[in-house]
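What follows is the content of work-v6.cif, which has mmCIF, C-alpha atoms:
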data_model
loop_
_atom_site.label_atom_id
_atom_site.label_comp_id
_atom_site.auth_asym_id
_atom_site.auth_seq_id
_atom_site.Cartn_x
_atom_site.Cartn_y
_atom_site.Cartn_z
CA MET U 1073 35.13 -23.82 -10.33
CA ALA U 1074 34.43 -20.22 -9.44
CA ALA U 1075 36.05 -19.11 -12.69
CA ASP U 1076 33.66 -21.26 -14.67
CA ILE U 1077 30.63 -19.66 -13.02
CA SER U 1078 31.78 -16.09 -13.77
CA GLU U 1079 32.52 -16.91 -17.39
CA SER U 1080 29.20 -18.64 -17.90
CA SER U 1081 27.23 -15.79 -16.31
CA GLY U 1082 28.97 -13.32 -18.66
CA ALA U 1083 28.12 -15.44 -21.64
CA ASP U 1084 24.44 -15.66 -20.70
CA CYS U 1085 24.04 -11.85 -20.55
CA LYS U 1086 24.93 -11.11 -24.17
CA GLY U 1087 21.45 -9.70 -24.81
CA ASP U 1088 21.74 -7.30 -21.83
CA SER U 1089 22.06 -3.65 -22.90
CA ARG U 1090 24.58 -2.91 -20.15
CA ASN U 1091 27.08 -5.35 -21.58
CA SER U 1092 26.62 -4.28 -25.21
CA ALA U 1093 28.90 -1.24 -24.77
CA LYS U 1094 31.53 -0.62 -27.40
CA LEU U 1095 35.07 -0.64 -26.20
CA ASP U 1096 36.33 2.15 -28.48
CA ALA U 1097 33.67 4.78 -27.40
CA ASP U 1098 34.51 7.69 -25.07
CA TYR U 1099 32.16 8.07 -22.13
CA PRO U 1100 30.09 10.10 -21.33
CA LEU U 1101 28.59 10.13 -24.79
CA ARG U 1102 27.61 13.46 -26.39
CA VAL U 1103 24.36 13.26 -28.31
CA LEU U 1104 23.58 15.87 -30.94
CA TYR U 1105 19.92 16.83 -31.28
CA CYS U 1106 18.27 18.52 -34.22
CA GLY U 1107 16.92 21.31 -31.99
CA GLU U 1108 13.22 20.62 -32.35
CA ASN U 1109 12.55 18.20 -29.52
CA SER U 1110 15.62 18.18 -27.33
CA PRO U 1111 15.19 16.94 -23.74
CA LYS U 1112 16.31 20.34 -22.40
CA GLN U 1113 13.53 22.14 -24.27
CA GLU U 1114 10.93 19.66 -23.03
CA ALA U 1115 12.12 20.15 -19.45
CA GLY U 1116 11.99 23.94 -19.82
CA ILE U 1117 15.76 24.48 -19.54
CA SER U 1118 17.11 27.11 -21.89
CA GLU U 1119 20.62 27.15 -23.24
CA GLY U 1120 22.55 30.39 -23.12
CA GLN U 1121 20.92 33.80 -22.72
CA GLY U 1122 17.13 33.88 -22.97
CA THR U 1123 15.28 36.65 -24.72
CA ALA U 1124 13.58 39.49 -22.85
CA GLY U 1125 10.16 38.03 -23.62
CA GLU U 1126 11.04 34.77 -21.89
CA GLU U 1127 12.26 36.61 -18.78
CA GLU U 1128 9.03 38.61 -18.54
CA GLU U 1129 7.01 35.43 -18.98
CA LYS U 1130 8.80 33.93 -16.00
CA LYS U 1131 7.96 36.97 -13.84
CA LYS U 1132 4.22 36.67 -14.43
CA GLN U 1133 2.36 34.09 -12.42
CA LYS U 1134 0.28 31.77 -14.51
CA ARG U 1135 -1.84 30.02 -11.87
CA GLY U 1136 -3.02 30.84 -8.38
CA GLY U 1137 -1.78 33.62 -6.16
CA ARG U 1138 -2.33 37.30 -6.65
CA GLY U 1139 -0.21 37.79 -9.75
CA GLN U 1140 0.64 41.33 -10.68
CA ILE U 1141 -1.04 44.10 -8.75
CA LYS U 1142 -2.80 46.52 -11.03
CA GLN U 1143 -2.13 50.16 -10.34
CA LYS U 1144 -5.16 52.32 -9.74
CA LYS U 1145 -5.70 55.11 -12.20
CA LYS U 1146 -5.57 58.61 -10.76
CA THR U 1147 -8.32 60.77 -12.15
CA VAL U 1148 -9.36 64.32 -11.55
CA PRO U 1149 -12.22 64.69 -9.05
CA GLN U 1150 -15.50 64.19 -10.81
CA LYS U 1151 -19.11 63.97 -9.70
CA VAL U 1152 -20.52 61.67 -7.07
CA THR U 1153 -23.69 60.21 -8.57
CA ILE U 1154 -26.57 58.89 -6.50
CA ALA U 1155 -29.25 56.74 -8.13
CA LYS U 1156 -32.33 54.91 -6.87
CA ILE U 1157 -32.71 51.48 -8.49
CA PRO U 1158 -36.02 49.56 -8.21
CA ARG U 1159 -35.82 45.99 -6.94
CA ALA U 1160 -39.18 44.35 -6.39
CA LYS U 1161 -42.61 45.96 -5.91
CA LYS U 1162 -41.95 48.97 -3.64
CA LYS U 1163 -38.38 48.11 -2.71
CA TYR U 1164 -35.29 50.06 -3.83
CA VAL U 1165 -31.52 50.09 -3.53
CA THR U 1166 -29.41 53.25 -3.60
CA ARG U 1167 -26.26 53.30 -5.74
CA VAL U 1168 -23.45 55.73 -4.87
CA CYS U 1169 -20.71 56.11 -7.49
CA GLY U 1170 -17.67 58.39 -7.63
CA LEU U 1171 -16.46 58.44 -4.01
CA ALA U 1172 -13.12 56.84 -4.94
CA THR U 1173 -12.23 59.83 -7.13
CA PHE U 1174 -12.11 61.93 -3.96
CA GLU U 1175 -9.73 59.34 -2.45
CA ILE U 1176 -12.34 58.09 0.01
CA ASP U 1177 -11.89 54.49 1.19
CA LEU U 1178 -14.90 52.62 -0.18
CA LYS U 1179 -14.78 49.92 2.51
CA GLU U 1180 -14.89 52.56 5.23
CA ALA U 1181 -17.72 54.43 3.46
CA GLN U 1182 -19.69 51.20 3.07
CA ARG U 1183 -19.40 50.46 6.81
CA PHE U 1184 -20.38 54.05 7.63
CA PHE U 1185 -23.51 53.95 5.43
CA ALA U 1186 -24.55 50.55 6.82
CA GLN U 1187 -24.25 51.82 10.38
CA LYS U 1188 -25.81 55.22 9.73
CA PHE U 1189 -28.90 53.92 7.89
CA SER U 1190 -29.14 50.58 9.77
CA CYS U 1191 -29.20 48.56 6.57
CA GLY U 1192 -27.03 46.38 4.37
CA ALA U 1193 -24.41 47.98 2.16
CA SER U 1194 -21.75 46.53 -0.12
CA VAL U 1195 -18.93 47.63 -2.39
CA THR U 1196 -19.53 46.45 -5.96
CA GLY U 1197 -17.25 47.26 -8.84
CA GLU U 1198 -14.31 49.63 -8.68
CA ASP U 1199 -16.17 52.74 -7.57
CA GLU U 1200 -19.69 51.76 -6.55
CA ILE U 1201 -21.50 51.25 -3.24
CA ILE U 1202 -24.95 49.65 -3.10
CA ILE U 1203 -27.11 50.51 -0.07
CA GLN U 1204 -30.29 48.52 0.59
CA GLY U 1205 -33.20 50.93 0.78
CA ASP U 1206 -34.18 54.34 -0.62
CA PHE U 1207 -31.84 56.87 1.02
CA THR U 1208 -31.35 59.31 -1.88
CA ASP U 1209 -32.58 62.32 0.12
CA ASP U 1210 -30.59 61.65 3.28
CA ILE U 1211 -27.37 60.48 1.69
CA ILE U 1212 -26.42 63.87 0.19
CA ASP U 1213 -26.36 65.50 3.65
CA VAL U 1214 -24.53 62.55 5.18
CA ILE U 1215 -21.78 62.62 2.52
CA GLN U 1216 -21.22 66.37 3.00
CA GLU U 1217 -21.03 65.99 6.80
CA LYS U 1218 -18.67 63.02 6.78
CA TRP U 1219 -16.41 64.10 3.90
CA PRO U 1220 -16.19 67.92 3.61
CA GLU U 1221 -13.96 67.68 0.50
CA VAL U 1222 -17.07 66.59 -1.47
CA ASP U 1223 -18.94 69.85 -2.07
CA ASP U 1224 -22.59 70.30 -3.03
CA ASP U 1225 -21.81 71.01 -6.71
CA SER U 1226 -20.04 67.68 -7.18
CA ILE U 1227 -22.99 65.58 -5.97
CA GLU U 1228 -25.56 64.67 -8.60
CA ASP U 1229 -28.88 62.91 -7.95
CA LEU U 1230 -29.95 60.86 -10.98
CA GLY U 1231 -33.31 59.88 -9.49
CA GLU U 1232 -34.84 56.52 -10.38
CA VAL U 1233 -32.67 54.57 -12.82
CA LYS U 1234 -32.88 51.04 -14.13
CA LYS U 1235 -29.85 48.83 -13.51
#

Just give me the structure as structure tokens.
Amino acid sequence: MAADISESSGADCKGDSRNSAKLDADYPLRVLYCGENSPKQEAGISEGQGTAGEEEEKKKQKRGGRGQIKQKKKTVPQKVTIAKIPRAKKKYVTRVCGLATFEIDLKEAQRFFAQKFSCGASVTGEDEIIIQGDFTDDIIDVIQEKWPEVDDDSIEDLGEVKK
């Protein structure tokens, strides 16, 4: 009776893909792809040695994180420029550019100016500090006192400038 059940269950599953295997095939089967849309290419797996361009692409981060750190360009010392920029009515901001060329830490300089002049100051751009208020006269003396490597000839006052 048990033999009848096993034979009948095998006969009912003729449409099942698991039982439609050919007896003369060697397993596992090797499937040849045309090379355009192979499963390995879709999954991002490369066969053999990759090219140099692919290796460099893997090194770069595409999303999130810091990515590659850009190296700062070393330049010869140039002029520190001070400009007074009008804001609204009789209000001004003072822009100091060029301190980074003398290898002065801009974050430290920004904190120093904010404390010295009792105002707000911020680092904007690569080599620019914005100080709230008109301090063009005082800032030249303060820069020379704090950083003696910046001499009087390398400081230039541009006066009132539009943004």

Selection result for the PyMOL selection byres ((chain U and resi 1153) around 9) on this file, as a ChimeraX atom specification
/U:1151-1152,1154-1155,1167-1171,1226-1230

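Note that atom CA of Ile1211 of chain U and atom CA of Lys1156 of chain U are 11.4 Å apart.
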
Would you kindly return, as a compact mmCIF listing (two decimals) with C-alpha atoms, in the coordinates of the input, each protein, DNA or RNA residue with an atom no farther than 10 Å from any atom of Phe1184 of chain U, considering all atoms listed in the file and excluding same-chain residues fewer than 5 positions away?
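After the write, around27.txt holds the following:
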# COMPACT_ATOMS: atom_id res chain seq x y z
CA LEU U 1178 -14.90 52.62 -0.18
CA LYS U 1179 -14.78 49.92 2.51
CA PHE U 1189 -28.90 53.92 7.89
CA SER U 1190 -29.14 50.58 9.77
CA ALA U 1193 -24.41 47.98 2.16
CA VAL U 1214 -24.53 62.55 5.18
CA LYS U 1218 -18.67 63.02 6.78

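One distance worth recording is that between atom CA of Thr1208 of chain U and atom CA of Thr1196 of chain U, which is 17.9 Å.
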
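The spacing separating atom CA of Ser1194 of chain U from atom CA of Glu1221 of chain U amounts to 22.5 Å.
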
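For the set U:Lys1162, U:Gln1150, U:Arg1183, U:Lys1188, the residue with the smallest atom-to-atom gap to Asp1213 of chain U is U:Lys1188, counting all atoms listed in the file.
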